[in-house]
file start-v7.pdb (PDB, C-alpha atoms)
ATOM      1  CA  MET O  27     127.674  60.815  13.053
ATOM      2  CA  PRO O  28     128.170  64.361  11.738
ATOM      3  CA  SER O  29     125.825  66.980  13.155
ATOM      4  CA  VAL O  30     124.770  70.607  12.816
ATOM      5  CA  PHE O  31     125.177  72.661  15.995
ATOM      6  CA  SER O  32     124.335  76.148  17.106
ATOM      7  CA  ASP O  33     127.763  77.587  17.997
ATOM      8  CA  SER O  34     127.872  77.275  21.793
ATOM      9  CA  ARG O  35     131.024  79.360  22.209
ATOM     10  CA  GLU O  36     129.527  82.273  20.277
ATOM     11  CA  ILE O  37     126.279  81.972  22.224
ATOM     12  CA  ALA O  38     128.227  82.157  25.481
ATOM     13  CA  LYS O  39     130.161  85.208  24.284
ATOM     14  CA  LEU O  40     126.936  87.035  23.416
ATOM     15  CA  ALA O  41     125.247  86.118  26.689
ATOM     16  CA  MET O  42     128.231  87.127  28.792
ATOM     17  CA  SER O  43     128.687  90.373  26.870
ATOM     18  CA  GLU O  44     125.082  91.260  27.663
ATOM     19  CA  LEU O  45     125.525  90.468  31.364
ATOM     20  CA  LEU O  46     128.809  92.378  31.624
ATOM     21  CA  LYS O  47     127.049  95.571  30.496
ATOM     22  CA  ALA O  48     125.403  95.644  33.940
ATOM     23  CA  SER O  49     128.822  95.690  35.681
ATOM     24  CA  PRO O  50     128.102  92.611  37.818
ATOM     25  CA  GLU O  51     130.027  91.715  40.961
ATOM     26  CA  SER O  52     129.523  87.983  40.332
ATOM     27  CA  LEU O  53     128.339  85.562  37.654
ATOM     28  CA  LEU O  54     126.290  82.376  37.850
ATOM     29  CA  PHE O  55     125.889  79.741  35.139
ATOM     30  CA  ILE O  56     122.946  77.323  35.343
ATOM     31  CA  GLU O  57     123.563  74.307  33.151
ATOM     32  CA  TRP O  58     121.544  71.374  31.894
ATOM     33  CA  PHE O  59     120.870  68.509  34.274
ATOM     34  CA  ASN O  60     123.455  66.472  32.364
ATOM     35  CA  PRO O  61     126.465  68.843  32.307
ATOM     36  CA  SER O  62     128.485  66.476  30.121
ATOM     37  CA  ILE O  63     126.292  67.351  27.131
ATOM     38  CA  ASP O  64     128.441  69.434  24.798
ATOM     39  CA  TRP O  65     126.006  72.283  24.194
ATOM     40  CA  SER O  66     125.851  72.877  27.954
ATOM     41  CA  SER O  67     129.472  72.211  28.940
ATOM     42  CA  VAL O  68     130.974  74.302  26.121
ATOM     43  CA  LYS O  69     128.857  77.303  27.128
ATOM     44  CA  ARG O  70     129.828  76.786  30.776
ATOM     45  CA  ASP O  71     133.546  76.632  30.021
ATOM     46  CA  MET O  72     133.419  79.689  27.762
ATOM     47  CA  ALA O  73     131.476  81.627  30.390
ATOM     48  CA  ARG O  74     133.992  80.628  33.074
ATOM     49  CA  ASP O  75     136.890  81.816  30.906
ATOM     50  CA  ILE O  76     135.223  85.174  30.279
ATOM     51  CA  ALA O  77     134.474  85.617  33.987
ATOM     52  CA  ALA O  78     138.130  84.876  34.781
ATOM     53  CA  MET O  79     139.284  87.439  32.215
ATOM     54  CA  HIS O  80     137.230  90.069  34.057
ATOM     55  CA  GLY O  81     138.285  88.884  37.513
ATOM     56  CA  LEU O  82     134.731  88.057  38.562
ATOM     57  CA  PRO O  83     133.587  85.302  40.944
ATOM     58  CA  PHE O  84     131.918  82.516  38.953
ATOM     59  CA  LYS O  85     129.676  79.706  40.146
ATOM     60  CA  THR O  86     127.787  76.960  38.340
ATOM     61  CA  ILE O  87     124.653  75.052  39.232
ATOM     62  CA  ALA O  88     124.097  71.642  37.673
ATOM     63  CA  PRO O  89     120.473  70.762  38.479
ATOM     64  CA  ALA O  90     119.617  67.124  38.973
ATOM     65  CA  ALA O  91     117.055  65.455  36.741
ATOM     66  CA  ALA O  92     114.677  65.456  39.713
ATOM     67  CA  ASP O  93     114.918  69.258  39.870
ATOM     68  CA  PHE O  94     113.386  69.518  36.401
ATOM     69  CA  ALA O  95     110.504  67.302  37.450
ATOM     70  CA  ASP O  96     109.804  69.628  40.388
ATOM     71  CA  GLN O  97     109.927  73.314  39.418
ATOM     72  CA  ALA O  98     109.571  74.508  43.014
ATOM     73  CA  ARG O  99     112.592  72.431  44.009
ATOM     74  CA  LEU O 100     114.661  73.886  41.151
ATOM     75  CA  VAL O 101     113.640  77.455  42.018
ATOM     76  CA  LYS O 102     114.486  76.904  45.675
ATOM     77  CA  ARG O 103     117.925  75.552  44.836
ATOM     78  CA  ILE O 104     118.749  78.469  42.525
ATOM     79  CA  ALA O 105     117.405  80.984  45.080
ATOM     80  CA  GLU O 106     119.718  79.625  47.769
ATOM     81  CA  THR O 107     122.709  80.173  45.482
ATOM     82  CA  ILE O 108     121.558  83.655  44.460
ATOM     83  CA  ARG O 109     121.384  84.719  48.113
ATOM     84  CA  SER O 110     125.067  83.813  48.500
ATOM     85  CA  MET O 111     126.252  85.704  45.406
ATOM     86  CA  PRO O 112     127.670  89.250  45.557
ATOM     87  CA  LYS O 113     125.269  91.744  43.968
ATOM     88  CA  PRO O 114     124.663  92.775  41.307
ATOM     89  CA  CYS O 115     124.807  89.262  39.904
ATOM     90  CA  GLY O 116     124.559  88.127  36.286
ATOM     91  CA  ILE O 117     122.918  84.776  35.538
ATOM     92  CA  PHE O 118     123.484  82.859  32.312
ATOM     93  CA  ALA O 119     120.844  80.130  31.967
ATOM     94  CA  VAL O 120     121.491  77.460  29.351
ATOM     95  CA  THR O 121     117.856  77.349  28.121
ATOM     96  CA  ASP O 122     114.822  79.625  28.281
ATOM     97  CA  LEU O 123     113.007  77.234  30.622
ATOM     98  CA  ILE O 124     115.905  77.405  33.064
ATOM     99  CA  GLY O 125     115.951  81.177  32.588
ATOM    100  CA  VAL O 126     112.318  81.359  33.749
ATOM    101  CA  ALA O 127     113.273  79.343  36.839
ATOM    102  CA  ALA O 128     116.190  81.730  37.456
ATOM    103  CA  VAL O 129     113.872  84.753  37.310
ATOM    104  CA  ALA O 130     111.473  83.100  39.756
ATOM    105  CA  ALA O 131     114.407  82.194  42.011
ATOM    106  CA  ALA O 132     115.720  85.764  42.016
ATOM    107  CA  ARG O 133     112.319  87.029  43.112
ATOM    108  CA  LYS O 134     112.133  84.314  45.787
ATOM    109  CA  ALA O 135     115.541  85.427  47.035
ATOM    110  CA  GLY O 136     114.227  88.984  47.390
ATOM    111  CA  ALA O 137     116.330  90.340  44.520
ATOM    112  CA  GLU O 138     115.190  93.039  42.107
ATOM    113  CA  ILE O 139     115.507  92.282  38.371
ATOM    114  CA  PRO O 140     117.594  93.581  36.696
ATOM    115  CA  GLU O 141     119.050  95.892  39.370
ATOM    116  CA  ASP O 142     120.276  93.094  41.667
ATOM    117  CA  VAL O 143     120.131  90.128  39.294
ATOM    118  CA  ALA O 144     120.238  90.170  35.495
ATOM    119  CA  VAL O 145     119.268  87.033  33.565
ATOM    120  CA  VAL O 146     120.120  85.903  30.019
ATOM    121  CA  SER O 147     118.988  82.578  28.581
ATOM    122  CA  VAL O 148     119.231  80.772  25.250
ATOM    123  CA  ASP O 149     116.785  79.855  22.437
ATOM    124  CA  ASP O 150     114.552  82.977  22.371
ATOM    125  CA  ASP O 151     111.270  81.080  22.472
ATOM    126  CA  PRO O 152     108.696  83.924  22.332
ATOM    127  CA  GLU O 153     106.053  81.939  24.204
ATOM    128  CA  ILE O 154     108.439  81.489  27.116
ATOM    129  CA  CYS O 155     110.376  84.764  27.047
ATOM    130  CA  GLU O 156     107.451  87.132  26.518
ATOM    131  CA  ASN O 157     105.300  85.476  29.198
ATOM    132  CA  CYS O 158     108.016  85.538  31.831
ATOM    133  CA  ASN O 159     107.698  88.333  34.408
ATOM    134  CA  PRO O 160     109.806  90.329  33.819
ATOM    135  CA  THR O 161     110.266  89.373  30.192
ATOM    136  CA  LEU O 162     113.389  87.335  29.534
ATOM    137  CA  THR O 163     116.443  88.393  27.542
ATOM    138  CA  SER O 164     117.644  85.516  25.363
ATOM    139  CA  VAL O 165     120.221  84.636  22.711
ATOM    140  CA  ARG O 166     118.497  83.818  19.446
ATOM    141  CA  PRO O 167     119.969  80.909  17.436
ATOM    142  CA  ASP O 168     119.717  80.998  13.662
ATOM    143  CA  PHE O 169     117.145  78.229  13.289
ATOM    144  CA  TYR O 170     116.731  78.877   9.562
ATOM    145  CA  ARG O 171     120.429  78.324   8.861
ATOM    146  CA  LEU O 172     120.496  75.342  11.195
ATOM    147  CA  GLY O 173     117.744  73.696   9.157
ATOM    148  CA  PHE O 174     119.307  74.671   5.842
ATOM    149  CA  SER O 175     122.711  73.358   6.918
ATOM    150  CA  ALA O 176     121.172  70.083   8.076
ATOM    151  CA  GLY O 177     119.501  69.605   4.699
ATOM    152  CA  ARG O 178     122.714  70.393   2.848
ATOM    153  CA  MET O 179     124.636  67.990   5.094
ATOM    154  CA  LEU O 180     122.146  65.220   4.368
ATOM    155  CA  ALA O 181     122.484  65.778   0.630
ATOM    156  CA  LYS O 182     126.273  65.770   0.882
ATOM    157  CA  PHE O 183     126.195  62.624   3.002
ATOM    158  CA  SER O 184     124.244  60.723   0.364
ATOM    159  CA  LYS O 185     126.499  61.976  -2.432
ATOM    160  CA  ASP O 186     130.026  62.334  -1.056
ATOM    161  CA  GLY O 187     130.144  60.321   2.152
ATOM    162  CA  ILE O 188     130.454  61.565   5.729
ATOM    163  CA  PRO O 189     130.704  65.405   5.906
ATOM    164  CA  GLU O 190     132.216  67.434   8.731
ATOM    165  CA  ASN O 191     130.265  68.893  11.649
ATOM    166  CA  VAL O 192     128.831  72.366  11.104
ATOM    167  CA  ASN O 193     128.629  75.157  13.695
ATOM    168  CA  VAL O 194     126.072  77.900  12.988
ATOM    169  CA  SER O 195     126.510  81.304  14.615
ATOM    170  CA  PRO O 196     123.572  82.732  16.607
ATOM    171  CA  LEU O 197     121.675  85.741  15.300
ATOM    172  CA  GLY O 198     122.186  87.840  18.414
ATOM    173  CA  VAL O 199     120.704  88.857  21.756
ATOM    174  CA  VAL O 200     117.021  89.754  22.017
ATOM    175  CA  ARG O 201     117.074  92.174  24.922
ATOM    176  CA  ARG O 202     114.074  92.256  27.214
ATOM    177  CA  ALA O 203     113.399  93.424  30.760
ATOM    178  CA  SER O 204     115.599  90.879  32.572
ATOM    179  CA  THR O 205     118.725  92.815  31.574
ATOM    180  CA  GLN O 206     119.462  96.494  31.436
ATOM    181  CA  SER O 207     121.226  98.710  28.931
ATOM    182  CA  MET O 208     121.100 102.063  30.700
ATOM    183  CA  ARG O 209     123.813 104.421  31.848
ATOM    184  CA  LYS O 210     122.072 104.784  35.193
ATOM    185  CA  TYR O 211     119.350 102.351  36.167
ATOM    186  CA  ASP O 212     115.897 103.901  36.603
ATOM    187  CA  ARG O 213     112.953 101.551  37.140
ATOM    188  CA  LYS O 214     110.445 103.935  35.544
ATOM    189  CA  VAL O 215     112.655 104.311  32.491
ATOM    190  CA  ALA O 216     113.129 100.540  32.351
ATOM    191  CA  LEU O 217     109.367 100.070  32.282
ATOM    192  CA  ALA O 218     109.114 102.719  29.572
ATOM    193  CA  MET O 219     111.766 100.942  27.503
ATOM    194  CA  GLU O 220     109.830  97.699  27.828
ATOM    195  CA  GLN O 221     106.667  99.496  26.714
ATOM    196  CA  ILE O 222     108.549 100.837  23.686
ATOM    197  CA  ARG O 223     109.938  97.402  22.862
ATOM    198  CA  LEU O 224     106.472  95.888  22.883
ATOM    199  CA  LYS O 225     104.467  98.693  21.252
ATOM    200  CA  ALA O 226     106.796 100.767  19.051
ATOM    201  CA  CYS O 227     105.371  99.220  15.882
ATOM    202  CA  GLU O 228     101.801  99.769  17.071
ATOM    203  CA  GLY O 229     102.133 103.551  16.858
ATOM    204  CA  ILE O 230     103.048 104.449  20.431
ATOM    205  CA  SER O 231     104.208 108.068  20.662
ATOM    206  CA  PRO O 232     106.647 109.870  22.973
ATOM    207  CA  GLY O 233     103.617 111.500  24.591
ATOM    208  CA  ASP O 234     102.070 108.106  25.322
ATOM    209  CA  VAL O 235     105.269 106.976  27.017
ATOM    210  CA  ALA O 236     105.727 110.227  28.954
ATOM    211  CA  ARG O 237     102.210 110.087  30.404
ATOM    212  CA  THR O 238     103.039 106.882  32.283
ATOM    213  CA  PHE O 239     105.522 108.828  34.474
ATOM    214  CA  GLY O 240     102.966 111.210  35.968
ATOM    215  CA  ILE O 241     105.356 114.189  35.721
ATOM    216  CA  SER O 242     105.965 116.911  33.138
ATOM    217  CA  ARG O 243     106.983 115.903  29.618
ATOM    218  CA  ARG O 244     110.195 117.899  29.875
ATOM    219  CA  MET O 245     111.197 116.189  33.113
ATOM    220  CA  VAL O 246     110.426 112.788  31.600
ATOM    221  CA  GLU O 247     112.624 113.494  28.570
ATOM    222  CA  LEU O 248     115.504 114.656  30.787
ATOM    223  CA  ARG O 249     115.176 111.579  33.005
ATOM    224  CA  PHE O 250     114.904 109.230  30.024
ATOM    225  CA  LYS O 251     117.946 110.682  28.265
ATOM    226  CA  ALA O 252     120.023 110.656  31.460
ATOM    227  CA  ALA O 253     119.381 106.919  31.767
ATOM    228  CA  THR O 254     119.587 105.829  28.131
ATOM    229  CA  GLY O 255     121.509 108.507  26.236
ATOM    230  CA  LYS O 256     118.625 108.999  23.802
ATOM    231  CA  THR O 257     115.246 110.723  23.611
ATOM    232  CA  ILE O 258     111.987 108.782  23.794
ATOM    233  CA  GLY O 259     111.410 109.458  20.092
ATOM    234  CA  GLU O 260     114.858 108.138  19.227
ATOM    235  CA  ALA O 261     114.222 104.985  21.284
ATOM    236  CA  ILE O 262     110.919 104.368  19.469
ATOM    237  CA  LEU O 263     112.558 104.844  16.057
ATOM    238  CA  GLU O 264     115.470 102.587  17.014
ATOM    239  CA  ARG O 265     113.079  99.799  18.001
ATOM    240  CA  LYS O 266     111.003 100.149  14.823
ATOM    241  CA  LEU O 267     114.135  99.966  12.682
ATOM    242  CA  ALA O 268     115.420  96.936  14.609
ATOM    243  CA  VAL O 269     112.172  95.069  13.949
ATOM    244  CA  ALA O 270     112.296  96.140  10.305
ATOM    245  CA  CYS O 271     115.827  94.738   9.982
ATOM    246  CA  ASP O 272     114.639  91.395  11.345
ATOM    247  CA  TYR O 273     111.921  91.229   8.694
ATOM    248  CA  LEU O 274     114.266  92.339   5.926
ATOM    249  CA  ALA O 275     116.790  89.658   6.878
ATOM    250  CA  ASP O 276     114.022  87.052   6.910
ATOM    251  CA  GLY O 277     113.396  87.848   3.242
ATOM    252  CA  LYS O 278     109.738  86.803   3.218
ATOM    253  CA  SER O 279     107.977  90.204   3.232
ATOM    254  CA  SER O 280     107.967  93.131   0.806
ATOM    255  CA  VAL O 281     109.375  96.509   1.831
ATOM    256  CA  SER O 282     105.843  97.970   1.747
ATOM    257  CA  ALA O 283     104.513  95.250   4.050
ATOM    258  CA  ILE O 284     107.407  95.735   6.486
ATOM    259  CA  ALA O 285     106.865  99.505   6.494
ATOM    260  CA  ASN O 286     103.197  99.014   7.324
ATOM    261  CA  PHE O 287     103.828  96.392  10.019
ATOM    262  CA  CYS O 288     106.517  98.484  11.705
ATOM    263  CA  GLY O 289     104.293 101.547  12.005
ATOM    264  CA  TRP O 290     105.186 103.798   9.090
ATOM    265  CA  GLU O 291     102.326 105.337   7.117
ATOM    266  CA  GLY O 292     103.962 104.380   3.841
ATOM    267  CA  ASP O 293     107.095 102.836   2.399
ATOM    268  CA  ILE O 294     108.456 106.241   1.306
ATOM    269  CA  ALA O 295     108.664 107.398   4.931
ATOM    270  CA  PHE O 296     110.154 104.047   5.905
ATOM    271  CA  ARG O 297     112.790 104.148   3.152
ATOM    272  CA  LYS O 298     113.757 107.682   4.155
ATOM    273  CA  ALA O 299     114.106 106.804   7.856
ATOM    274  CA  PHE O 300     116.024 103.626   7.053
ATOM    275  CA  LYS O 301     118.502 105.328   4.735
ATOM    276  CA  SER O 302     118.997 108.175   7.190
ATOM    277  CA  ARG O 303     119.949 105.664   9.889
ATOM    278  CA  PHE O 304     121.971 103.096   7.912
ATOM    279  CA  GLY O 305     123.120 104.986   4.825
ATOM    280  CA  ILE O 306     121.632 102.456   2.384
ATOM    281  CA  SER O 307     118.159 101.526   1.189
ATOM    282  CA  PRO O 308     116.173  98.671   2.761
ATOM    283  CA  LEU O 309     116.584  96.561  -0.390
ATOM    284  CA  LYS O 310     120.366  97.022  -0.426
ATOM    285  CA  TRP O 311     120.489  96.173   3.271
ATOM    286  CA  ARG O 312     118.495  92.995   2.598
ATOM    287  CA  THR O 313     120.907  92.004  -0.175
ATOM    288  CA  PHE O 314     123.897  92.604   2.097
ATOM    289  CA  ALA O 315     122.291  90.584   4.907
ATOM    290  CA  ALA O 316     121.625  87.675   2.551
ATOM    291  CA  ARG O 317     125.243  87.649   1.382
ATOM    292  CA  ASN O 318     126.663  88.073   4.889
ATOM    293  CA  PRO O 319     124.506  85.999   7.241
ATOM    294  CA  ALA O 320     125.201  86.209  10.972
TER     295      ALA O 320
END
call {"tool": "encode", "arguments": {"input": "start-v7.pdb", "output": "structure tokens"}}
result
Amino acid sequence: MPSVFSDSREIAKLAMSELLKASPESLLFIEWFNPSIDWSSVKRDMARDIAAMHGLPFKTIAPAAADFADQARLVKRIAETIRSMPKPCGIFAVTDLIGVAAVAAARKAGAEIPEDVAVVSVDDDPEICENCNPTLTSVRPDFYRLGFSAGRMLAKFSKDGIPENVNVSPLGVVRRASTQSMRKYDRKVALAMEQIRLKACEGISPGDVARTFGISRRMVELRFKAATGKTIGEAILERKLAVACDYLADGKSSVSAIANFCGWEGDIAFRKAFKSRFGISPLKWRTFAARNPA
């Protein structure tokens, strides 16, 4: 029967690209308990090819069904493999639930996240990713287009006969604390970046972020920019605009509502900041996004 799939090859490319930013010495892929399932095996094979292109050691773990029934057993098995991997190590987990197990396993193995072990998973389930400690970076599928494509396939099936399979590209990587994107890793800066990610739209200021360091504001700004290449204010604005783009692409909220939700005092200030960054208005960006979906 024809089916609609989230493009596993593209998901693997995004996940591996995120892990490679940390300059790992090795890579580990944790697959589904039945590795013959296409959405697991295709990701594994793509990840292996990318690792080979970069000359990096690559291992896979195929948990048994019993491992999923016993979380402690799964964590122990992953931890044993992590201990044997050259560090830093990048882990690509095929689902968010396995990603949570990988994070727990890294901690059990005595590894720091993301300095020693970086983890990327798939599905971007907020309940899972945001409640993981540290929070879990994940590739976000385009669930809206998956549903739309399935409906269109069903209509075509009833009208024209059996349609072809459809692959839907993922939306992108939602970066959280389990990976890093800094020039030079700094745990304090990483915690500050996580604070910005979570609270940028709630009105957090550069001063609020700087106070968490316990040193002078000037020293904080120098340390932050050395690690990230941007000021604290720039990082806050970047996060607010990223959230705004997500809402614009969704198409369900007005520009005024998005401006308010993302922390601007009015839509005029939001429009100005958006155009300064992207060169077009929020409405034009929304139109472009609708015509050119990910």
call {"tool": "resolve_selection", "arguments": {"input": "start-v7.pdb", "expression": "the PyMOL selection byres ((chain O and resi 54-68) around 6)", "output": "list of chain:residue names"}}
result
O:Ser34, O:Leu53, O:Lys69, O:Arg70, O:Asp71, O:Phe84, O:Lys85, O:Thr86, O:Ile87, O:Ala88, O:Pro89, O:Ala90, O:Ala91, O:Ile117, O:Phe118, O:Ala119, O:Val120
call {"tool": "resolve_selection", "arguments": {"input": "start-v7.pdb", "expression": "the PyMOL selection byres ((chain O and resi 290) around 12)", "output": "number ranges by chain"}}
result
O: 226-230, 262-263, 266-267, 270, 281-289, 291-300
call {"tool": "residues_around", "arguments": {"input": "start-v7.pdb", "residues": "Arg201 (chain O)", "least_positions_apart": "3", "cutoff": "9 Å", "atoms": "all atoms listed in the file", "output": "ChimeraX atom specification"}}
result
/O:44,146,162-165,204-207
call {"tool": "resolve_selection", "arguments": {"input": "start-v7.pdb", "expression": "the PyMOL selection byres ((chain O and resi 212-220) around 7)", "output": "number ranges by chain"}}
result
O: 202-203, 210-211, 221-224, 235, 250, 253
call {"tool": "atom_distance", "arguments": {"input": "start-v7.pdb", "atom1": "CA of Val192 (chain O)", "atom2": "CA of Met79 (chain O)"}}
result
28.0 Å
